[in-house]
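> Coordinates in model-v3.txt, compact mmCIF, C-alpha atoms, are listed below.
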# COMPACT_ATOMS: atom_id res chain seq x y z
CA MET A 1 83.16 -4.46 -60.26
CA LYS A 2 86.77 -3.50 -59.76
CA GLN A 3 88.48 -1.12 -57.37
CA ASP A 4 92.00 0.20 -57.15
CA ILE A 5 93.07 -1.05 -53.74
CA ARG A 6 95.63 1.79 -53.46
CA ASP A 7 92.66 4.06 -52.84
CA LEU A 8 91.80 2.02 -49.76
CA PHE A 9 94.93 3.31 -48.03
CA LYS A 10 94.72 6.91 -49.07
CA ASP A 11 93.21 8.06 -45.81
CA ASP A 12 95.33 7.08 -42.89
CA GLU A 13 92.85 5.78 -40.44
CA ALA A 14 93.65 4.13 -37.16
CA SER A 15 93.75 0.37 -37.21
CA GLY A 16 92.53 0.35 -33.63
CA LYS A 17 95.83 -0.64 -32.05
CA GLN A 18 95.97 0.80 -28.56
CA LEU A 19 99.14 1.81 -26.78
CA PRO A 20 99.57 0.36 -23.29
CA GLU A 21 98.42 2.69 -20.51
CA ASN A 22 101.84 3.45 -19.05
CA HIS A 23 103.41 4.27 -22.43
CA ARG A 24 103.59 7.96 -21.67
CA GLN A 25 105.49 7.61 -18.40
CA GLU A 26 107.73 5.02 -20.01
CA PHE A 27 108.55 7.41 -22.82
CA TYR A 28 109.17 10.27 -20.43
CA ASP A 29 111.68 8.14 -18.52
CA GLN A 30 113.41 7.25 -21.77
CA LEU A 31 113.47 10.89 -22.80
CA LYS A 32 115.01 11.89 -19.46
CA ALA A 33 117.58 9.14 -19.71
CA SER A 34 118.49 10.13 -23.24
CA ARG A 35 119.36 13.70 -22.30
CA PRO A 36 121.51 13.61 -19.17
CA ARG A 37 124.35 15.53 -20.78
CA ARG A 38 122.09 18.30 -21.88
CA THR A 39 120.40 18.82 -18.53
CA SER A 40 123.67 18.75 -16.58
CA LYS A 41 125.08 21.26 -19.02
CA LEU A 42 122.11 23.50 -18.36
CA ASN A 43 122.57 23.08 -14.63
CA THR A 44 126.26 24.00 -14.65
CA ASN A 45 125.45 26.93 -16.87
CA TYR A 46 122.83 28.02 -14.42
CA LEU A 47 125.16 27.57 -11.43
CA PHE A 48 127.87 29.48 -13.22
CA LYS A 49 125.51 32.37 -13.87
CA VAL A 50 124.44 32.44 -10.23
CA ALA A 51 128.08 32.41 -9.08
CA VAL A 52 128.95 35.26 -11.41
CA MET A 53 125.99 37.27 -10.17
CA VAL A 54 126.96 36.71 -6.53
CA VAL A 55 130.56 37.78 -7.18
CA LEU A 56 129.41 40.85 -9.10
CA PHE A 57 126.98 41.78 -6.36
CA MET A 58 129.65 41.43 -3.67
CA GLY A 59 132.10 43.48 -5.69
CA LEU A 60 129.52 46.17 -6.22
CA ALA A 61 128.61 46.18 -2.54
CA LEU A 62 132.29 46.56 -1.61
CA ILE A 63 132.74 49.48 -3.97
CA VAL A 64 129.59 51.20 -2.69
CA PHE A 65 130.65 50.76 0.97
CA THR A 66 134.22 51.99 0.48
CA THR A 67 133.11 55.04 -1.48
CA THR A 68 130.47 55.96 1.10
CA ASP A 69 133.17 55.64 3.82
CA LYS A 70 135.31 58.14 1.91
CA VAL A 71 132.38 60.51 1.57
CA ILE A 72 131.78 60.33 5.32
CA GLU A 73 135.46 61.18 6.00
CA VAL A 74 135.27 64.15 3.69
CA ILE A 75 132.15 65.38 5.41
CA VAL A 76 133.70 65.05 8.90
CA GLU A 77 136.85 66.93 7.89
CA SER A 78 136.00 70.43 6.74
CA PRO A 79 137.22 71.31 3.25
CA ILE A 80 139.25 74.33 4.44
CA GLU A 81 141.16 72.24 6.93
CA THR A 82 142.13 69.66 4.28
CA GLN A 83 143.14 72.41 1.89
CA ILE A 84 145.33 74.06 4.55
CA ASP A 85 146.81 70.66 5.40
CA ALA A 86 147.76 70.04 1.79
CA LEU A 87 149.18 73.55 1.47
CA GLU A 88 151.16 73.14 4.68
CA GLN A 89 152.64 69.81 3.57
CA GLN A 90 153.66 71.30 0.23
CA TYR A 91 155.29 74.36 1.86
CA LEU A 92 157.06 72.37 4.53
CA ALA A 93 158.49 70.04 1.89
CA ASN A 94 159.72 73.02 -0.15
CA ILE A 95 161.13 74.72 2.93
CA ASP A 96 162.98 71.56 3.92
CA GLU A 97 164.42 71.23 0.41
CA GLU A 98 165.57 74.85 0.37
CA TRP A 99 167.08 74.44 3.84
CA GLN A 100 169.15 71.48 2.68
CA ASN A 101 170.29 73.48 -0.36
CA PHE A 102 171.20 76.42 1.87
CA ILE A 103 173.27 74.24 4.23
CA SER A 104 175.18 72.74 1.30
CA VAL A 105 175.82 76.17 -0.26
CA ALA A 106 176.59 78.20 2.88
CA ASN A 107 180.01 77.71 4.40
CA ASP A 108 179.57 80.28 7.14
CA GLU A 109 178.49 78.54 10.35
CA LYS A 110 177.36 81.80 11.95
CA LEU A 111 175.04 82.52 9.05
CA VAL A 112 173.53 79.02 9.18
CA ASN A 113 172.89 79.31 12.92
CA ARG A 114 171.33 82.70 12.55
CA TYR A 115 168.94 81.45 9.91
CA ARG A 116 168.17 78.32 11.93
CA ASP A 117 167.13 80.55 14.85
CA LYS A 118 165.02 82.70 12.56
CA LEU A 119 163.26 79.69 11.12
CA ASP A 120 162.73 78.16 14.55
CA ASP A 121 161.11 81.39 15.70
CA LEU A 122 158.84 81.36 12.71
CA ASP A 123 157.99 77.73 13.34
CA ASN A 124 157.10 78.49 16.95
CA ASP A 125 154.85 81.27 15.74
CA TYR A 126 153.31 78.89 13.31
CA GLN A 127 152.53 76.34 16.01
CA GLU A 128 150.79 79.08 18.04
CA VAL A 129 148.65 80.15 15.12
CA SER A 130 147.90 76.52 14.30
CA LYS A 131 146.33 76.08 17.72
CA GLN A 132 144.11 79.10 17.06
CA PHE A 133 143.22 77.69 13.68
CA LYS A 134 142.12 74.37 15.20
CA ALA A 135 139.88 76.22 17.67
CA ASP A 136 138.36 78.48 15.04
CA ASN A 137 139.00 77.18 11.56
CA ASN A 138 136.68 79.57 9.78
CA ASN A 139 138.69 82.69 10.64
CA ILE A 140 140.20 83.98 7.41
CA LEU A 141 142.79 86.08 9.31
CA VAL A 142 144.20 83.04 11.08
CA ILE A 143 144.48 81.17 7.81
CA GLU A 144 146.22 84.13 6.16
CA THR A 145 148.70 84.34 9.05
CA LEU A 146 149.49 80.65 8.68
CA VAL A 147 150.08 80.91 4.95
CA ASP A 148 152.11 84.11 5.36
CA ASN A 149 154.29 82.39 7.96
CA LEU A 150 155.09 79.55 5.56
CA LYS A 151 155.62 81.98 2.68
CA THR A 152 158.04 84.05 4.76
CA ARG A 153 160.11 81.01 5.68
CA LEU A 154 160.35 79.89 2.09
CA GLN A 155 161.12 83.38 0.83
CA LEU A 156 163.80 83.84 3.49
CA LEU A 157 165.63 80.72 2.37
CA LYS A 158 165.31 81.62 -1.29
CA ASP A 159 166.63 85.13 -0.71
CA ILE A 160 169.68 84.08 1.27
CA GLN A 161 170.53 81.44 -1.33
CA GLU A 162 170.27 83.98 -4.09
CA HIS A 163 172.56 86.26 -2.09
CA ILE A 164 175.13 83.50 -1.60
CA ASN A 165 175.02 82.66 -5.29
CA LEU A 166 175.67 86.29 -6.19
CA LEU A 167 178.58 86.43 -3.77
CA ASN A 168 180.05 83.22 -5.18
CA GLN A 169 179.73 84.51 -8.74
CA LYS A 170 181.52 87.73 -7.79
CA ARG A 171 184.26 85.73 -6.11
CA THR A 172 184.87 83.61 -9.19
CA LEU A 173 184.91 86.63 -11.47
CA MET B 1 102.48 23.83 -40.81
CA SER B 2 100.66 25.98 -38.29
CA LYS B 3 102.47 28.66 -36.35
CA THR B 4 101.88 27.12 -32.93
CA HIS B 5 103.24 23.84 -34.24
CA SER B 6 106.41 25.58 -35.48
CA ILE B 7 106.85 27.24 -32.10
CA LEU B 8 106.50 23.86 -30.42
CA ILE B 9 109.17 22.39 -32.71
CA ASN B 10 111.50 25.29 -31.94
CA ARG B 11 111.03 24.74 -28.23
CA CYS B 12 111.95 21.09 -28.76
CA LYS B 13 115.08 22.17 -30.61
CA LYS B 14 116.11 24.10 -27.50
CA GLY B 15 115.66 20.97 -25.41
CA ASP B 16 112.32 21.83 -23.81
CA GLU B 17 111.07 18.50 -22.48
CA LYS B 18 107.50 19.70 -21.99
CA ALA B 19 107.31 20.60 -25.67
CA MET B 20 108.74 17.19 -26.53
CA MET B 21 106.02 15.49 -24.51
CA GLN B 22 103.41 17.58 -26.31
CA ILE B 23 104.80 16.47 -29.67
CA TYR B 24 104.82 12.89 -28.42
CA ASP B 25 101.18 13.14 -27.38
CA MET B 26 100.22 14.57 -30.77
CA TYR B 27 101.92 11.93 -32.88
CA CYS B 28 102.40 8.79 -30.77
CA ASP B 29 99.15 7.06 -31.79
CA ALA B 30 99.62 7.61 -35.53
CA MET B 31 103.26 6.52 -35.33
CA TYR B 32 102.32 3.47 -33.31
CA GLN B 33 99.80 2.43 -36.01
CA ILE B 34 102.61 2.65 -38.56
CA SER B 35 105.15 0.64 -36.57
CA CYS B 36 102.51 -2.00 -35.83
CA ARG B 37 102.39 -2.81 -39.55
CA TYR B 38 105.98 -4.02 -39.39
CA LEU B 39 106.55 -5.31 -35.88
CA ASN B 40 104.61 -7.03 -33.15
CA GLU B 41 102.86 -4.80 -30.63
CA GLU B 42 105.60 -4.81 -27.98
CA ASP B 43 108.41 -4.19 -30.48
CA ALA B 44 106.26 -1.66 -32.32
CA LYS B 45 105.83 0.42 -29.15
CA ASP B 46 109.57 0.31 -28.43
CA ALA B 47 110.42 1.21 -32.01
CA MET B 48 107.95 4.09 -31.95
CA GLN B 49 109.34 5.50 -28.70
CA GLU B 50 112.97 5.08 -29.77
CA SER B 51 112.10 6.83 -33.02
CA PHE B 52 110.83 9.84 -31.08
CA ILE B 53 114.06 9.96 -29.06
CA LYS B 54 116.04 9.73 -32.29
CA ALA B 55 113.90 12.42 -33.89
CA PHE B 56 114.40 14.81 -30.96
CA ASN B 57 118.15 14.23 -31.05
CA LYS B 58 118.42 15.12 -34.72
CA LEU B 59 115.69 17.73 -34.77
CA ASN B 60 118.16 20.27 -36.14
CA SER B 61 118.24 18.37 -39.43
CA PHE B 62 114.46 18.81 -39.74
CA THR B 63 113.52 21.48 -42.26
CA GLU B 64 110.06 22.69 -43.06
CA ASP B 65 110.37 21.29 -46.58
CA PHE B 66 108.50 18.31 -45.16
CA THR B 67 105.63 18.23 -42.78
CA PHE B 68 106.80 17.15 -39.34
CA GLY B 69 104.50 14.14 -39.51
CA SER B 70 106.02 12.78 -42.72
CA TRP B 71 109.55 13.45 -41.44
CA LEU B 72 108.76 11.58 -38.24
CA LYS B 73 107.04 8.78 -40.14
CA ARG B 74 110.16 8.24 -42.20
CA ILE B 75 112.21 7.89 -39.01
CA VAL B 76 109.73 5.39 -37.61
CA ILE B 77 109.73 3.37 -40.84
CA ASN B 78 113.53 3.38 -40.99
CA HIS B 79 113.69 2.24 -37.40
CA CYS B 80 111.24 -0.59 -38.04
CA ILE B 81 113.19 -1.71 -41.10
CA ASP B 82 116.39 -1.70 -39.02
CA GLU B 83 114.64 -3.86 -36.44
CA LEU B 84 113.52 -6.27 -39.17
CA LYS B 85 117.05 -6.39 -40.54
CA LYS B 86 118.32 -7.34 -37.09
CA LYS B 87 116.00 -10.30 -37.31
CA ARG B 88 117.91 -11.21 -40.46
CA LEU B 89 115.06 -10.69 -42.84
CA GLU B 90 116.20 -10.69 -46.41
CA PHE B 91 115.05 -8.01 -48.75
CA VAL B 92 117.21 -8.85 -51.72
CA GLU B 93 116.13 -11.64 -53.99
CA SER B 94 118.87 -14.01 -55.11
CA GLU B 95 117.66 -14.37 -58.70
CA ILE B 96 115.88 -11.45 -60.20
CA THR B 97 114.36 -12.23 -63.55
CA ASN B 98 111.85 -10.21 -65.43
CA LEU B 99 109.39 -12.94 -66.16
CA SER B 100 106.28 -10.96 -66.88
CA ILE B 101 107.27 -7.91 -68.84
CA GLU B 102 103.85 -7.62 -70.42
CA ASP B 103 102.39 -7.25 -66.95
CA ASN B 104 100.92 -3.81 -66.33
CA GLU B 105 102.74 -2.25 -63.38
CA ASN B 106 99.96 0.01 -62.30
CA ASP B 107 97.12 -2.45 -62.38
CA TRP B 108 95.99 -2.50 -58.78
CA ASN B 109 92.37 -3.21 -59.67
CA PHE B 110 90.93 -5.80 -57.40
CA ASP B 111 87.40 -6.95 -56.86
CA ALA B 112 85.34 -4.14 -55.36
CA ALA B 113 83.97 -6.40 -52.63
CA ILE B 114 87.42 -6.77 -51.05
CA THR B 115 87.79 -4.82 -47.79
CA LYS B 116 90.79 -3.07 -46.39
CA GLN B 117 91.13 -5.62 -43.63
CA GLN B 118 91.20 -8.45 -46.16
CA VAL B 119 93.99 -6.70 -47.99
CA PHE B 120 95.91 -6.30 -44.75
CA ASP B 121 95.51 -9.96 -43.93
CA ALA B 122 96.62 -10.99 -47.42
CA ILE B 123 99.70 -8.74 -47.23
CA GLY B 124 100.61 -10.44 -43.96
CA LYS B 125 100.79 -13.75 -45.80
CA LEU B 126 103.33 -12.55 -48.37
CA PRO B 127 107.01 -13.53 -48.13
CA SER B 128 108.83 -10.90 -46.05
CA LYS B 129 110.90 -9.41 -48.87
CA HIS B 130 107.79 -8.83 -50.99
CA GLN B 131 105.68 -7.90 -48.03
CA ILE B 132 107.88 -4.99 -46.98
CA VAL B 133 107.87 -3.40 -50.42
CA VAL B 134 104.11 -3.83 -50.79
CA LYS B 135 103.56 -2.17 -47.41
CA LEU B 136 105.86 0.74 -48.16
CA TYR B 137 104.24 1.28 -51.53
CA LEU B 138 100.61 0.49 -50.93
CA ILE B 139 100.09 1.56 -47.32
CA GLU B 140 102.74 4.22 -46.70
CA GLY B 141 102.54 5.64 -50.20
CA TYR B 142 106.27 5.79 -50.96
CA ASP B 143 107.54 5.55 -54.52
CA HIS B 144 110.24 3.17 -55.73
CA GLU B 145 113.01 5.71 -55.28
CA GLU B 146 112.05 6.23 -51.65
CA ILE B 147 111.64 2.52 -51.06
CA SER B 148 115.08 1.82 -52.51
CA ASN B 149 116.49 4.41 -50.09
CA ILE B 150 114.64 3.08 -47.07
CA ILE B 151 115.55 -0.58 -47.41
CA ASP B 152 118.75 -0.01 -49.35
CA ILE B 153 117.96 -2.02 -52.47
CA PRO B 154 118.18 -1.03 -56.15
CA ILE B 155 115.07 0.54 -57.65
CA LYS B 156 114.83 -2.36 -60.08
CA THR B 157 114.68 -4.83 -57.20
CA SER B 158 112.00 -2.75 -55.55
CA ARG B 159 109.90 -2.89 -58.71
CA THR B 160 110.35 -6.64 -59.03
CA HIS B 161 109.40 -7.26 -55.42
CA LEU B 162 106.34 -5.09 -55.76
CA ARG B 163 105.20 -6.80 -58.92
CA ARG B 164 105.59 -10.25 -57.39
CA GLY B 165 103.92 -9.13 -54.26
CA ARG B 166 100.99 -7.73 -56.20
CA ILE B 167 100.56 -10.91 -58.24
CA GLN B 168 100.60 -13.03 -55.10
CA LEU B 169 98.17 -10.65 -53.49
CA GLN B 170 95.78 -11.05 -56.40
CA GLU B 171 96.01 -14.81 -56.05
CA LEU B 172 95.46 -14.70 -52.30
CA LEU B 173 92.51 -12.39 -52.52
CA LYS B 174 90.94 -14.35 -55.33
CA THR B 175 90.99 -17.45 -53.13
CA HIS B 176 89.78 -15.50 -50.20
CA TYR B 177 86.95 -14.04 -52.23
CA ASN B 178 86.06 -17.44 -53.61
CA GLU B 179 86.19 -19.00 -50.16
CA ALA B 180 83.87 -16.34 -48.92
CA ARG B 181 81.46 -17.04 -51.68
CA TYR B 182 81.21 -20.74 -51.23
As structure tokens, what does this structure read like?

Amino acid sequence: MKQDIRDLFKDDEASGKQLPENHRQEFYDQLKASRPRRTSKLNTNYLFKVAVMVVLFMGLALIVFTTTDKVIEVIVESPIETQIDALEQQYLANIDEEWQNFISVANDEKLVNRYRDKLDDLDNDYQEVSKQFKADNNNILVIETLVDNLKTRLQLLKDIQEHINLLNQKRTL
Amino acid sequence: MSKTHSILINRCKKGDEKAMMQIYDMYCDAMYQISCRYLNEEDAKDAMQESFIKAFNKLNSFTEDFTFGSWLKRIVINHCIDELKKKRLEFVESEITNLSIEDNENDWNFDAAITKQQVFDAIGKLPSKHQIVVKLYLIEGYDHEEISNIIDIPIKTSRTHLRRGRIQLQELLKTHYNEARY
């Protein structure tokens, strides 16, 4: 009787060799030791992510706090008051500009003094009305008076300048 | 390959150490049996464990053209051969002559009474250069092309070694069988 001994090895059966008991732990240690670069890379990645999240969170918190502060300011200051303030600043700037123009154009000292007095009167009036406005800032009449006062001052300066220009043109003709 | 197994391999590729330990648990015994055929028990365990580390490091080169087991086995075998080479074992024969051309290459018919263990023992008695080729061919099931790749010898040399190994094996087992009888 003959047999092909290659057939004997066709099924891979255990030869009964046993691994030592601690082989698993030993391998785990080797595995750990073989991958230090990888784990440290993961750790720095992780730390980096955490740092980014903290920075983002702080930035967001800052934005939220500053914007809520602004909202609170807006609420405290009534919208009409801020609008009047802005209007007043704009008018005063224009009036000042026109006044400077007028001084440079006018060469009559009497005229300049007269207009200065007029404007000072108007300004005094304005201060009076302003006080009323602060006491009762929902009164539409007070607000209209304030705006009219500013308008008058500006118009006054514009008119006199126009008049001077006309006079100058006539003189040159 | 099963789906869960593929998932496990993918987790290993991402560096998941738990998955690696699971793979180790699945294959360590089989791989240890293989390395024990080439090295003593202590060296075989080291070679097996180092092969796993090597396998995990180059897991990206693993494709599902092979089964994971055969891919891993090849790494273990290569590692064992490298260890043997360090011990300055020679695989290349100085004078290769085709003495027995009439010899039938595929005649592995031995007496039916011979057991697997007897074959193992007889293989252990072969000269190392023949022994390695016989093991790779007979036990691991590699062909000559694969053997020539693994131990880096020409295919012709692999054939010669195998033939000589087989003839010596027949002699050894004949004696063994006869001894057993008397």
> Taking only residues of chain A that have an atom at most 9 Å from an atom of chain B, what is each one's shortest atom pair and its distance in Å to one decimal, using only C-alpha atoms, in chain and number order, as a Markdown table?

| residue | atom | partner | partner_atom | distance |
| --- | --- | --- | --- | --- |
| A:Met1 | CA | B:Ala112 | CA | 5.4 |
| A:Lys2 | CA | B:Asp111 | CA | 4.6 |
| A:Gln3 | CA | B:Ala112 | CA | 4.8 |
| A:Asp4 | CA | B:Asn109 | CA | 4.3 |
| A:Ile5 | CA | B:Trp108 | CA | 6.0 |
| A:Arg6 | CA | B:Leu138 | CA | 5.7 |
| A:Asp7 | CA | B:Leu138 | CA | 8.9 |
| A:Leu8 | CA | B:Lys116 | CA | 6.2 |
| A:Phe9 | CA | B:Ile139 | CA | 5.5 |
| A:Lys10 | CA | B:Ile139 | CA | 7.8 |
| A:Asp12 | CA | B:Ile139 | CA | 8.5 |
| A:Glu13 | CA | B:Ala30 | CA | 8.6 |
| A:Ala14 | CA | B:Gln33 | CA | 6.5 |
| A:Ser15 | CA | B:Gln33 | CA | 6.5 |
| A:Gly16 | CA | B:Gln33 | CA | 7.9 |
| A:Lys17 | CA | B:Gln33 | CA | 6.4 |
| A:Gln18 | CA | B:Asp29 | CA | 7.7 |
| A:Leu19 | CA | B:Lys45 | CA | 7.2 |
| A:Pro20 | CA | B:Lys45 | CA | 8.6 |
| A:His23 | CA | B:Lys45 | CA | 8.1 |
| A:Arg24 | CA | B:Asp25 | CA | 8.1 |
| A:Glu26 | CA | B:Gln49 | CA | 8.9 |
| A:Phe27 | CA | B:Gln49 | CA | 6.2 |
| A:Tyr28 | CA | B:Met21 | CA | 7.3 |
| A:Gln30 | CA | B:Ile53 | CA | 7.8 |
| A:Leu31 | CA | B:Ile53 | CA | 6.4 |
| A:Lys32 | CA | B:Glu17 | CA | 8.3 |
| A:Ser34 | CA | B:Ile53 | CA | 7.3 |
| A:Arg35 | CA | B:Gly15 | CA | 8.7 |
| A:Arg38 | CA | B:Gly15 | CA | 7.8 |
| A:Thr39 | CA | B:Gly15 | CA | 8.6 |
> Point out the residue among B:Leu84, B:Ile153, B:Tyr27, B:Gln168 with the least atom-to-atom distance to His130 (chain B), counting only C-alpha atoms.
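The shortest atom-to-atom distance to His130 (chain B) comes from B:Gln168.
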> One decimal, in Å: what's the spacing between CA of Thr145 (chain A) and CA of Gln161 (chain A)?
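Value for the CA of Thr145 (chain A)-CA of Gln161 (chain A) distance: 24.3 Å.
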> Set up a box along x, y and z of the file covering all listed atoms of region 21-24 of chain A, add 4 Å on every one of the six sides, and write the centre and edge lengths in Å to one decimal, as AutoDock Vina command-line options.

--center_x 101.0 --center_y 5.3 --center_z -20.7 --size_x 13.2 --size_y 13.3 --size_z 11.4
